[in-house]
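Enquirer: Got a structure for you, query.pdb, holding PDB, C-alpha atoms.
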```
MODEL        1
ATOM      1  CA  MET J  24     -36.084   5.998 -62.852
ATOM      2  CA  ALA J  25     -38.420   4.465 -60.265
ATOM      3  CA  GLU J  26     -42.152   4.053 -60.705
ATOM      4  CA  PRO J  27     -44.150   6.663 -58.736
ATOM      5  CA  SER J  28     -45.598   3.898 -56.529
ATOM      6  CA  ASN J  29     -42.223   2.416 -55.623
ATOM      7  CA  PRO J  30     -40.884   4.138 -52.479
ATOM      8  CA  THR J  31     -37.715   2.010 -52.411
ATOM      9  CA  GLY J  32     -36.973   3.007 -55.980
ATOM     10  CA  ARG J  33     -37.335   6.671 -55.034
ATOM     11  CA  VAL J  34     -34.606   6.314 -52.421
ATOM     12  CA  ILE J  35     -32.333   4.605 -54.956
ATOM     13  CA  ASP J  36     -32.952   7.367 -57.497
ATOM     14  CA  VAL J  37     -32.052  10.066 -54.964
ATOM     15  CA  LEU J  38     -28.865   8.247 -53.939
ATOM     16  CA  ASN J  39     -27.851   7.660 -57.560
ATOM     17  CA  PHE J  40     -28.397  11.308 -58.381
ATOM     18  CA  LEU J  41     -26.412  12.649 -55.423
ATOM     19  CA  ALA J  42     -23.656  10.060 -55.902
ATOM     20  CA  ALA J  43     -23.215  11.344 -59.445
ATOM     21  CA  HIS J  44     -22.759  14.871 -58.012
ATOM     22  CA  PRO J  45     -20.823  14.154 -54.794
ATOM     23  CA  THR J  46     -19.478  17.671 -54.228
ATOM     24  CA  GLU J  47     -22.699  19.548 -54.977
ATOM     25  CA  THR J  48     -25.782  20.437 -52.961
ATOM     26  CA  PHE J  49     -29.371  20.641 -54.176
ATOM     27  CA  THR J  50     -32.655  22.033 -52.944
ATOM     28  CA  LEU J  51     -35.720  19.868 -52.563
ATOM     29  CA  ALA J  52     -37.195  21.356 -55.726
ATOM     30  CA  GLU J  53     -34.036  20.645 -57.722
ATOM     31  CA  ILE J  54     -33.904  17.038 -56.556
ATOM     32  CA  SER J  55     -37.599  16.628 -57.284
ATOM     33  CA  ARG J  56     -37.116  17.879 -60.832
ATOM     34  CA  HIS J  57     -34.015  15.821 -61.538
ATOM     35  CA  VAL J  58     -35.350  12.581 -60.087
ATOM     36  CA  GLY J  59     -38.936  13.011 -61.279
ATOM     37  CA  LEU J  60     -40.734  13.132 -57.928
ATOM     38  CA  SER J  61     -43.459  15.373 -56.650
ATOM     39  CA  ASN J  62     -42.314  17.852 -54.003
ATOM     40  CA  GLY J  63     -44.382  15.979 -51.422
ATOM     41  CA  SER J  64     -42.815  12.612 -52.207
ATOM     42  CA  ALA J  65     -39.345  14.124 -52.325
ATOM     43  CA  HIS J  66     -39.896  15.820 -48.968
ATOM     44  CA  ARG J  67     -40.803  12.509 -47.317
ATOM     45  CA  VAL J  68     -37.815  10.716 -48.831
ATOM     46  CA  LEU J  69     -35.302  13.466 -48.068
ATOM     47  CA  THR J  70     -36.541  14.001 -44.515
ATOM     48  CA  THR J  71     -36.282  10.296 -43.725
ATOM     49  CA  MET J  72     -32.830   9.957 -45.279
ATOM     50  CA  ALA J  73     -31.541  13.097 -43.561
ATOM     51  CA  GLY J  74     -32.872  11.817 -40.237
ATOM     52  CA  ALA J  75     -30.789   8.671 -40.678
ATOM     53  CA  HIS J  76     -27.774  10.781 -41.756
ATOM     54  CA  PHE J  77     -27.676   9.228 -45.201
ATOM     55  CA  LEU J  78     -28.140  12.808 -46.388
ATOM     56  CA  SER J  79     -26.861  16.049 -44.926
ATOM     57  CA  ARG J  80     -29.222  19.049 -44.811
ATOM     58  CA  ASN J  81     -27.951  22.621 -44.777
ATOM     59  CA  GLU J  82     -30.594  24.417 -42.726
ATOM     60  CA  LYS J  83     -29.529  27.888 -43.852
ATOM     61  CA  HIS J  84     -29.670  27.175 -47.586
ATOM     62  CA  ARG J  85     -32.174  24.309 -47.349
ATOM     63  CA  THR J  86     -30.059  22.074 -49.503
ATOM     64  CA  TYR J  87     -29.169  18.394 -49.387
ATOM     65  CA  SER J  88     -26.018  16.400 -50.094
ATOM     66  CA  LEU J  89     -24.613  12.988 -49.218
ATOM     67  CA  GLY J  90     -24.430  12.431 -45.461
ATOM     68  CA  MET J  91     -21.812  10.998 -43.114
ATOM     69  CA  ALA J  92     -23.569   7.640 -42.810
ATOM     70  CA  MET J  93     -22.837   7.055 -46.486
ATOM     71  CA  VAL J  94     -19.110   7.193 -45.702
ATOM     72  CA  ALA J  95     -19.391   4.071 -43.554
ATOM     73  CA  ILE J  96     -21.534   2.334 -46.148
ATOM     74  CA  GLY J  97     -19.150   3.288 -48.920
ATOM     75  CA  GLN J  98     -16.152   2.080 -46.929
ATOM     76  CA  ALA J  99     -17.913  -1.199 -46.205
ATOM     77  CA  ALA J 100     -18.571  -1.651 -49.919
ATOM     78  CA  VAL J 101     -14.913  -0.968 -50.687
ATOM     79  CA  GLU J 102     -13.890  -3.564 -48.092
ATOM     80  CA  LYS J 103     -16.188  -6.063 -49.768
ATOM     81  CA  HIS J 104     -14.968  -5.188 -53.272
ATOM     82  CA  ARG J 105     -11.310  -4.681 -52.420
ATOM     83  CA  GLY J 106     -10.318  -4.753 -56.068
ATOM     84  CA  ILE J 107     -11.579  -1.188 -56.399
ATOM     85  CA  GLU J 108      -9.010   0.213 -53.966
ATOM     86  CA  ILE J 109      -6.282  -1.868 -55.567
ATOM     87  CA  ALA J 110      -7.369  -0.519 -58.933
ATOM     88  CA  ARG J 111      -7.338   3.041 -57.615
ATOM     89  CA  ARG J 112      -3.797   2.594 -56.331
ATOM     90  CA  GLU J 113      -2.471   1.056 -59.516
ATOM     91  CA  ILE J 114      -4.175   3.346 -62.031
ATOM     92  CA  ALA J 115      -3.009   6.370 -60.041
ATOM     93  CA  ARG J 116       0.565   5.201 -60.590
ATOM     94  CA  LEU J 117      -0.116   4.470 -64.240
ATOM     95  CA  ALA J 118      -1.723   7.879 -64.822
ATOM     96  CA  VAL J 119       1.416   9.593 -63.543
ATOM     97  CA  GLU J 120       3.756   7.294 -65.448
ATOM     98  CA  LEU J 121       1.989   7.709 -68.792
ATOM     99  CA  ASN J 122       0.530  11.205 -68.255
ATOM    100  CA  VAL J 123      -2.983  10.080 -69.179
ATOM    101  CA  GLN J 124      -6.387   9.743 -67.561
ATOM    102  CA  CYS J 125      -7.083   6.261 -66.196
ATOM    103  CA  SER J 126     -10.423   4.978 -64.992
ATOM    104  CA  ALA J 127     -12.152   1.766 -64.010
ATOM    105  CA  ASN J 128     -15.754   0.981 -64.855
ATOM    106  CA  THR J 129     -18.199  -1.868 -64.382
ATOM    107  CA  VAL J 130     -21.575  -2.867 -65.795
ATOM    108  CA  VAL J 131     -24.687  -2.205 -63.701
ATOM    109  CA  ASP J 132     -28.160  -2.805 -65.123
ATOM    110  CA  ASP J 133     -26.906  -2.766 -68.708
ATOM    111  CA  GLU J 134     -25.072   0.521 -68.137
ATOM    112  CA  ILE J 135     -21.365   1.227 -67.839
ATOM    113  CA  LEU J 136     -20.708   2.896 -64.466
ATOM    114  CA  VAL J 137     -17.421   4.703 -63.741
ATOM    115  CA  LEU J 138     -16.082   3.608 -60.346
ATOM    116  CA  VAL J 139     -12.740   5.392 -60.004
ATOM    117  CA  LYS J 140     -10.710   7.887 -62.007
ATOM    118  CA  GLU J 141      -7.156   9.116 -61.748
ATOM    119  CA  GLY J 142      -5.139  11.568 -63.813
ATOM    120  CA  THR J 143      -6.286  14.446 -65.964
ATOM    121  CA  ALA J 144      -7.625  14.279 -69.480
ATOM    122  CA  GLN J 145      -5.841  16.420 -72.044
ATOM    123  CA  SER J 146      -9.175  17.358 -73.607
ATOM    124  CA  HIS J 147     -12.689  18.013 -72.315
ATOM    125  CA  LEU J 148     -14.056  15.669 -74.996
ATOM    126  CA  GLY J 149     -15.141  12.416 -73.412
ATOM    127  CA  LEU J 150     -14.157  13.624 -69.961
ATOM    128  CA  THR J 151     -14.642  10.822 -67.460
ATOM    129  CA  ARG J 152     -16.248  11.422 -64.060
ATOM    130  CA  VAL J 153     -16.882   9.026 -61.192
ATOM    131  CA  GLY J 154     -20.563   8.090 -61.166
ATOM    132  CA  GLU J 155     -20.905   8.720 -64.875
ATOM    133  CA  ARG J 156     -23.057   6.224 -66.775
ATOM    134  CA  ARG J 157     -23.159   5.192 -70.412
ATOM    135  CA  PRO J 158     -25.336   2.602 -72.122
ATOM    136  CA  LEU J 159     -23.700  -0.743 -72.841
ATOM    137  CA  VAL J 160     -24.023  -0.502 -76.620
ATOM    138  CA  PRO J 161     -21.376  -1.159 -79.287
ATOM    139  CA  PRO J 162     -18.589  -0.226 -79.295
ATOM    140  CA  MET J 163     -18.656   0.957 -75.673
ATOM    141  CA  GLY J 164     -17.677  -1.592 -73.051
ATOM    142  CA  ILE J 165     -16.384  -4.125 -75.547
ATOM    143  CA  CYS J 166     -14.004  -5.623 -72.955
ATOM    144  CA  HIS J 167     -16.986  -6.310 -70.707
ATOM    145  CA  VAL J 168     -18.484  -8.474 -73.439
ATOM    146  CA  ALA J 169     -15.556 -10.026 -75.327
ATOM    147  CA  TRP J 170     -15.010 -12.840 -72.802
ATOM    148  CA  SER J 171     -18.725 -13.576 -72.427
ATOM    149  CA  GLY J 172     -20.685 -16.344 -74.076
ATOM    150  CA  GLU J 173     -21.873 -16.332 -77.661
ATOM    151  CA  GLU J 174     -25.424 -15.326 -76.747
ATOM    152  CA  ILE J 175     -24.292 -12.268 -74.796
ATOM    153  CA  ILE J 176     -22.046 -11.145 -77.652
ATOM    154  CA  LYS J 177     -24.897 -11.706 -80.108
ATOM    155  CA  SER J 178     -27.263  -9.609 -77.978
ATOM    156  CA  TYR J 179     -24.678  -6.843 -77.611
ATOM    157  CA  VAL J 180     -24.012  -6.634 -81.347
ATOM    158  CA  GLY J 181     -27.727  -6.912 -82.072
ATOM    159  CA  LYS J 182     -28.443  -3.640 -80.278
ATOM    160  CA  ALA J 183     -26.555  -1.703 -82.933
ATOM    161  CA  THR J 184     -27.005  -3.984 -85.960
ATOM    162  CA  PRO J 185     -29.917  -2.019 -87.501
ATOM    163  CA  HIS J 186     -27.771   1.115 -87.437
ATOM    164  CA  LEU J 187     -24.492  -0.304 -88.775
ATOM    165  CA  SER J 188     -23.448  -0.993 -92.318
ATOM    166  CA  GLU J 189     -22.700  -4.643 -93.037
ATOM    167  CA  GLU J 190     -19.005  -3.782 -93.379
ATOM    168  CA  VAL J 191     -18.882  -2.175 -89.933
ATOM    169  CA  ARG J 192     -20.935  -4.989 -88.372
ATOM    170  CA  GLN J 193     -18.511  -7.603 -89.694
ATOM    171  CA  HIS J 194     -15.625  -5.467 -88.416
ATOM    172  CA  LEU J 195     -17.231  -5.422 -84.962
ATOM    173  CA  LEU J 196     -17.767  -9.200 -84.971
ATOM    174  CA  ALA J 197     -14.128  -9.737 -85.933
ATOM    175  CA  ALA J 198     -13.041  -7.520 -83.037
ATOM    176  CA  PHE J 199     -14.064  -9.963 -80.289
ATOM    177  CA  PRO J 200     -11.530 -12.736 -81.014
ATOM    178  CA  LEU J 201      -8.896 -10.061 -81.637
ATOM    179  CA  VAL J 202      -9.552  -8.423 -78.257
ATOM    180  CA  ARG J 203      -9.414 -11.789 -76.489
ATOM    181  CA  ARG J 204      -6.207 -12.732 -78.270
ATOM    182  CA  ARG J 205      -4.260  -9.561 -77.564
ATOM    183  CA  GLY J 206      -5.888  -8.890 -74.176
ATOM    184  CA  TYR J 207      -7.092  -5.338 -74.754
ATOM    185  CA  ALA J 208      -9.388  -3.202 -76.882
ATOM    186  CA  MET J 209      -8.256  -0.094 -78.736
ATOM    187  CA  ALA J 210     -10.182   2.539 -80.687
ATOM    188  CA  ALA J 211      -8.928   5.362 -82.888
ATOM    189  CA  ASN J 212      -9.877   8.996 -82.667
ATOM    190  CA  GLY J 213     -12.064  10.221 -85.462
ATOM    191  CA  PRO J 214     -14.713  12.760 -86.422
ATOM    192  CA  SER J 215     -17.484  10.900 -84.573
ATOM    193  CA  SER J 216     -15.749   9.305 -81.579
ATOM    194  CA  GLY J 217     -15.573  12.394 -79.353
ATOM    195  CA  HIS J 218     -19.181  13.382 -80.038
ATOM    196  CA  SER J 219     -20.419   9.864 -79.329
ATOM    197  CA  ARG J 220     -18.630   9.759 -75.947
ATOM    198  CA  GLU J 221     -20.152  13.067 -74.918
ATOM    199  CA  ALA J 222     -23.655  12.325 -76.159
ATOM    200  CA  THR J 223     -23.926   8.866 -74.614
ATOM    201  CA  VAL J 224     -23.187   9.945 -71.046
ATOM    202  CA  LEU J 225     -26.281   9.193 -68.985
ATOM    203  CA  PRO J 226     -26.948  11.734 -66.237
ATOM    204  CA  VAL J 227     -29.143  10.017 -63.682
ATOM    205  CA  ASP J 228     -31.873  12.588 -64.267
ATOM    206  CA  GLN J 229     -31.956  12.103 -68.041
ATOM    207  CA  ILE J 230     -34.972  10.360 -69.490
ATOM    208  CA  ARG J 231     -34.036   7.401 -71.666
ATOM    209  CA  ASP J 232     -36.756   8.104 -74.169
ATOM    210  CA  ALA J 233     -37.032   7.251 -77.853
ATOM    211  CA  ALA J 234     -35.356  10.501 -78.865
ATOM    212  CA  TYR J 235     -32.352   9.744 -76.663
ATOM    213  CA  TRP J 236     -31.869   6.249 -78.078
ATOM    214  CA  ALA J 237     -32.349   7.501 -81.628
ATOM    215  CA  SER J 238     -29.546  10.006 -81.022
ATOM    216  CA  VAL J 239     -27.262   7.347 -79.492
ATOM    217  CA  PHE J 240     -27.639   4.934 -82.364
ATOM    218  CA  GLU J 241     -27.349   7.650 -84.977
ATOM    219  CA  LEU J 242     -23.943   8.514 -83.532
ATOM    220  CA  VAL J 243     -22.942   4.845 -83.333
ATOM    221  CA  GLY J 244     -23.940   4.459 -86.959
ATOM    222  CA  HIS J 245     -21.517   7.216 -87.989
ATOM    223  CA  LEU J 246     -18.481   5.608 -86.342
ATOM    224  CA  SER J 247     -15.838   4.351 -88.736
ATOM    225  CA  PRO J 248     -14.428   0.812 -88.371
ATOM    226  CA  ASN J 249     -11.258   2.156 -86.719
ATOM    227  CA  GLU J 250     -13.302   4.255 -84.280
ATOM    228  CA  ILE J 251     -15.094   1.058 -83.262
ATOM    229  CA  GLN J 252     -11.960  -1.078 -82.975
ATOM    230  CA  LEU J 253      -8.466  -0.473 -84.265
ATOM    231  CA  PHE J 254      -7.000  -3.707 -85.570
ATOM    232  CA  ASP J 255      -3.557  -2.295 -86.416
ATOM    233  CA  ALA J 256      -1.967   0.535 -84.413
ATOM    234  CA  ALA J 257      -0.279   1.734 -87.601
ATOM    235  CA  ASP J 258      -3.715   2.724 -88.925
ATOM    236  CA  ALA J 259      -4.286   5.271 -86.156
ATOM    237  CA  GLY J 260      -2.595   7.925 -88.274
ATOM    238  CA  ALA J 261      -2.608  11.559 -87.292
ATOM    239  CA  ASN J 262      -5.907  11.237 -85.403
ATOM    240  CA  GLY J 263      -4.263   9.098 -82.748
ATOM    241  CA  ILE J 264      -5.817   6.801 -80.160
ATOM    242  CA  SER J 265      -9.128   7.490 -78.444
ATOM    243  CA  THR J 266      -9.162   4.739 -75.797
ATOM    244  CA  ILE J 267      -7.331   1.609 -74.747
ATOM    245  CA  SER J 268      -9.114  -0.726 -72.339
ATOM    246  CA  ALA J 269      -8.221  -3.976 -70.588
ATOM    247  CA  PRO J 270     -10.255  -6.355 -68.401
ATOM    248  CA  VAL J 271      -9.865  -7.309 -64.766
ATOM    249  CA  PHE J 272     -11.176 -10.794 -64.001
ATOM    250  CA  SER J 273     -12.907 -12.294 -60.968
ATOM    251  CA  PRO J 274     -12.008 -15.657 -59.365
ATOM    252  CA  SER J 275     -14.675 -17.251 -61.575
ATOM    253  CA  GLY J 276     -13.075 -15.818 -64.708
ATOM    254  CA  GLN J 277     -15.663 -13.141 -65.400
ATOM    255  CA  VAL J 278     -14.844  -9.516 -66.230
ATOM    256  CA  ILE J 279     -15.593  -7.530 -63.062
ATOM    257  CA  PHE J 280     -14.455  -4.197 -64.451
ATOM    258  CA  GLN J 281     -12.392  -2.767 -67.235
ATOM    259  CA  LEU J 282      -9.532  -0.296 -67.013
ATOM    260  CA  VAL J 283      -9.504   2.499 -69.575
ATOM    261  CA  ILE J 284      -6.864   5.042 -70.523
ATOM    262  CA  THR J 285      -7.759   8.172 -72.462
ATOM    263  CA  GLY J 286      -6.082  11.457 -73.283
ATOM    264  CA  LEU J 287      -3.146   9.890 -75.080
ATOM    265  CA  PRO J 288      -0.824  12.213 -76.997
ATOM    266  CA  GLY J 289      -1.452  12.474 -80.718
ATOM    267  CA  ALA J 290       0.688  11.003 -83.506
ATOM    268  CA  LEU J 291       2.276   8.291 -81.377
ATOM    269  CA  SER J 292       4.525   5.722 -83.007
ATOM    270  CA  VAL J 293       3.327   2.136 -83.158
ATOM    271  CA  GLN J 294       5.944   1.193 -80.566
ATOM    272  CA  LYS J 295       4.688   3.816 -78.119
ATOM    273  CA  ILE J 296       1.049   2.835 -78.645
ATOM    274  CA  GLU J 297       1.967  -0.774 -77.927
ATOM    275  CA  ARG J 298       3.821   0.321 -74.790
ATOM    276  CA  TYR J 299       0.688   2.084 -73.485
ATOM    277  CA  ALA J 300      -1.363  -1.054 -74.176
ATOM    278  CA  GLN J 301       1.199  -3.364 -72.579
ATOM    279  CA  ARG J 302       1.438  -1.250 -69.438
ATOM    280  CA  LEU J 303      -2.352  -1.159 -69.102
ATOM    281  CA  CYS J 304      -2.569  -4.925 -69.555
ATOM    282  CA  ALA J 305       0.160  -5.411 -66.952
ATOM    283  CA  VAL J 306      -1.789  -3.333 -64.427
ATOM    284  CA  ALA J 307      -5.017  -5.211 -65.203
ATOM    285  CA  ALA J 308      -3.182  -8.523 -64.736
ATOM    286  CA  LEU J 309      -1.722  -7.323 -61.423
ATOM    287  CA  ILE J 310      -5.158  -6.334 -60.087
ATOM    288  CA  THR J 311      -6.577  -9.662 -61.264
ATOM    289  CA  SER J 312      -3.802 -11.506 -59.427
ATOM    290  CA  GLU J 313      -4.083  -9.488 -56.201
ATOM    291  CA  THR J 314      -7.843 -10.159 -56.058
ATOM    292  CA  HIS J 315      -7.327 -13.881 -56.789
ATOM    293  CA  GLY J 316      -8.961 -13.554 -60.180
ATOM    294  CA  ARG J 317      -8.129 -15.633 -63.203
ATOM    295  CA  ARG J 318      -8.239 -15.036 -66.913
ATOM    296  CA  PRO J 319     -10.499 -17.645 -68.569
ATOM    297  CA  ASN J 320      -9.274 -19.936 -71.288
ATOM    298  CA  ASP J 321     -10.036 -18.261 -74.610
TER     299      ASP J 321
ENDMDL
END
```
As structure tokens, how would this structure be written, given the file I've shared?
Expert:
Amino acid sequence: MAEPSNPTGRVIDVLNFLAAHPTETFTLAEISRHVGLSNGSAHRVLTTMAGAHFLSRNEKHRTYSLGMAMVAIGQAAVEKHRGIEIARREIARLAVELNVQCSANTVVDDEILVLVKEGTAQSHLGLTRVGERRPLVPPMGICHVAWSGEEIIKSYVGKATPHLSEEVRQHLLAAFPLVRRRGYAMAANGPSSGHSREATVLPVDQIRDAAYWASVFELVGHLSPNEIQLFDAADAGANGISTISAPVFSPSGQVIFQLVITGLPGALSVQKIERYAQRLCAVAALITSETHGRRPND
């Protein structure tokens, strides 16, 4: 959230908040409360943005929402980052083929940001929404980190180290070469996985205070090794698979976003689990190729 003296940051906070709720409208007071602005500051920001058509104001209800000018800006951004539209096209096909929810996310300011989503989850647990944010802490976003340098991996693991048993920490460290070797990450369902996905979602109006982080890491600390990373699909058991994710690479060989499938049927055979993973990897490889990306040498 922006400092009170930073007017540019206030605009960014308002846009982030409304982008996370694209179909909703809010009064000035509601936006002020969610974004942490005084009514006076919010009035100046909203009036200016509405005047430039970045926001739309409903005069009857005195509410605000994203404006038409944002459509042009959004389209320009999509033209610049054409991999997003390619990803949307391909994961839409995959969602229908596999009857799962597929999404693509990227890392922005040490947070995982959902860019696109297709398909319907079979459970409300861990429901993915465009604009949703989660902190980049283990085991979330492991594909974003697995192909990074040693220092980045060390920093990522270090965030959760004080809250993990030594057994689980070693399991997490062993996951990175495994993920690079097989080309995807996979986590099992379990008693803590669904709760951790729900609790770590970061609404743009939520304060990232000490209590929030304590709750996040408490949940991370309760994850079993298989909920962090499943080494053998045969160990999924009756709980089934929570997520499978695969990276899409840029021309420089960096992970630009990861594709994720959730909502898989329970009690899948090993062969069927591997088919889901292989199809996801094939789609990630196709998007990488169409955007002239390249997978780095492991």
Enquirer: Let me make sure I understand: among J:Gln124, J:Gln301, J:Ser64, J:Ser88, which one has the smallest atom-to-atom distance to J:Thr50 if we use all atoms listed in the file?
Expert: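 Checking each candidate against J:Thr50, we get J:Ser88 as the closest.
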Enquirer: Would you mind listing what lies within 9 Å of stretch 288-297 of chain J as an MDAnalysis selection string, with only C-alpha atoms counted and same-chain residues fewer than 6 positions away left out?
Expert: chainID J and resid 122:123 145 255:257 259:264
Enquirer: So that I have them on file, write out the residues from the current selection with C-alpha atoms, as a CSV table (one decimal), in the frame of the given file.
Expert:
```csv
chain,number,residue,atom,x,y,z
J,122,ASN,CA,0.5,11.2,-68.3
J,123,VAL,CA,-3.0,10.1,-69.2
J,145,GLN,CA,-5.8,16.4,-72.0
J,255,ASP,CA,-3.6,-2.3,-86.4
J,256,ALA,CA,-2.0,0.5,-84.4
J,257,ALA,CA,-0.3,1.7,-87.6
J,259,ALA,CA,-4.3,5.3,-86.2
J,260,GLY,CA,-2.6,7.9,-88.3
J,261,ALA,CA,-2.6,11.6,-87.3
J,262,ASN,CA,-5.9,11.2,-85.4
J,263,GLY,CA,-4.3,9.1,-82.7
J,264,ILE,CA,-5.8,6.8,-80.2
```
Enquirer: Compile the contact shell of J:Asn81 as a PyMOL selection string: residues with an atom at most 10 Å away, counting all atoms listed in the file, same-chain residues fewer than 3 positions apart removed.
Expert: chain J and resi 48-50+78+84-88
Enquirer: Got time to write the residues from that selection, C-alpha atoms, as a PDB file, keeping the file's coordinate frame?
Expert:
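Saved result, selection_24.pdb, follows:
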```
ATOM      1  CA  THR J  48     -25.782  20.437 -52.961  1.00  0.00           C
ATOM      2  CA  PHE J  49     -29.371  20.641 -54.176  1.00  0.00           C
ATOM      3  CA  THR J  50     -32.655  22.033 -52.944  1.00  0.00           C
ATOM      4  CA  LEU J  78     -28.140  12.808 -46.388  1.00  0.00           C
ATOM      5  CA  HIS J  84     -29.670  27.175 -47.586  1.00  0.00           C
ATOM      6  CA  ARG J  85     -32.174  24.309 -47.349  1.00  0.00           C
ATOM      7  CA  THR J  86     -30.059  22.074 -49.503  1.00  0.00           C
ATOM      8  CA  TYR J  87     -29.169  18.394 -49.387  1.00  0.00           C
ATOM      9  CA  SER J  88     -26.018  16.400 -50.094  1.00  0.00           C
TER      10      SER J  88
END
```
Enquirer: Do you have the atom CA of J:Glu108-atom CA of J:Ala208 distance handy?
Expert: 23.2 Å
Enquirer: Once the PyMOL selection byres ((chain J and resi 177) around 12) has been applied to the shown file, what residues remain in the selection, as number ranges by chain?
Expert: J: 160-161, 168-169, 171-176, 178-184, 192, 195-196, 199
Enquirer: Specify as a ChimeraX atom specification each residue included when the PyMOL selection byres ((chain J and resi 136) around 10) is applied to this file.
Expert: /J:127-135,137-139,152-159,224-225,280
Enquirer: Between J:Pro200, J:Gln281, J:Leu287, J:Leu187, which has the minimum distance to J:Phe240 (counting only C-alpha atoms)?
Expert: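 Of all the options, J:Leu187 lies closest to J:Phe240.
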Enquirer: Run the PyMOL selection byres ((chain J and resi 90) around 8) against the file shown and list the residues it catches, as a PyMOL selection string.
Expert: chain J and resi 73+76-79+88-89+91-94
Enquirer: Tell me, in Å to one decimal, how far atom CA of J:Thr285 is from atom CA of J:Thr266.
Expert: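 Rounded to one decimal, the two atoms are 5.0 Å apart.
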Enquirer: Hey, what's within 9 Å of J:Gly142 if we count only C-alpha atoms and toss same-chain stuff fewer than 4 positions away? As a count of residues only, please?
Expert: 10
Enquirer: Smallest atom-to-atom distance to J:Val243: which of J:Val191, J:Val37, J:Ile96, J:Cys304, using only C-alpha atoms?
Expert: J:Val191
Enquirer: Please identify all polymer residues lying at most 7 Å from the point (-5.5, -8.1, -72.9) (file coordinates), using all atoms listed in the file, and present the result as a PyMOL selection string.
Expert: chain J and resi 202-203+205-207+269-270+304
Enquirer: Just how far from atom CA of J:Ala42 is atom CA of J:Arg105, in Å to one decimal?
Expert: 19.5 Å
Enquirer: With distances taken over all atoms listed in the file, which of J:Ala211, J:Ala75, J:Leu253, J:Leu303 is nearest to J:Arg116?
Expert: J:Leu303
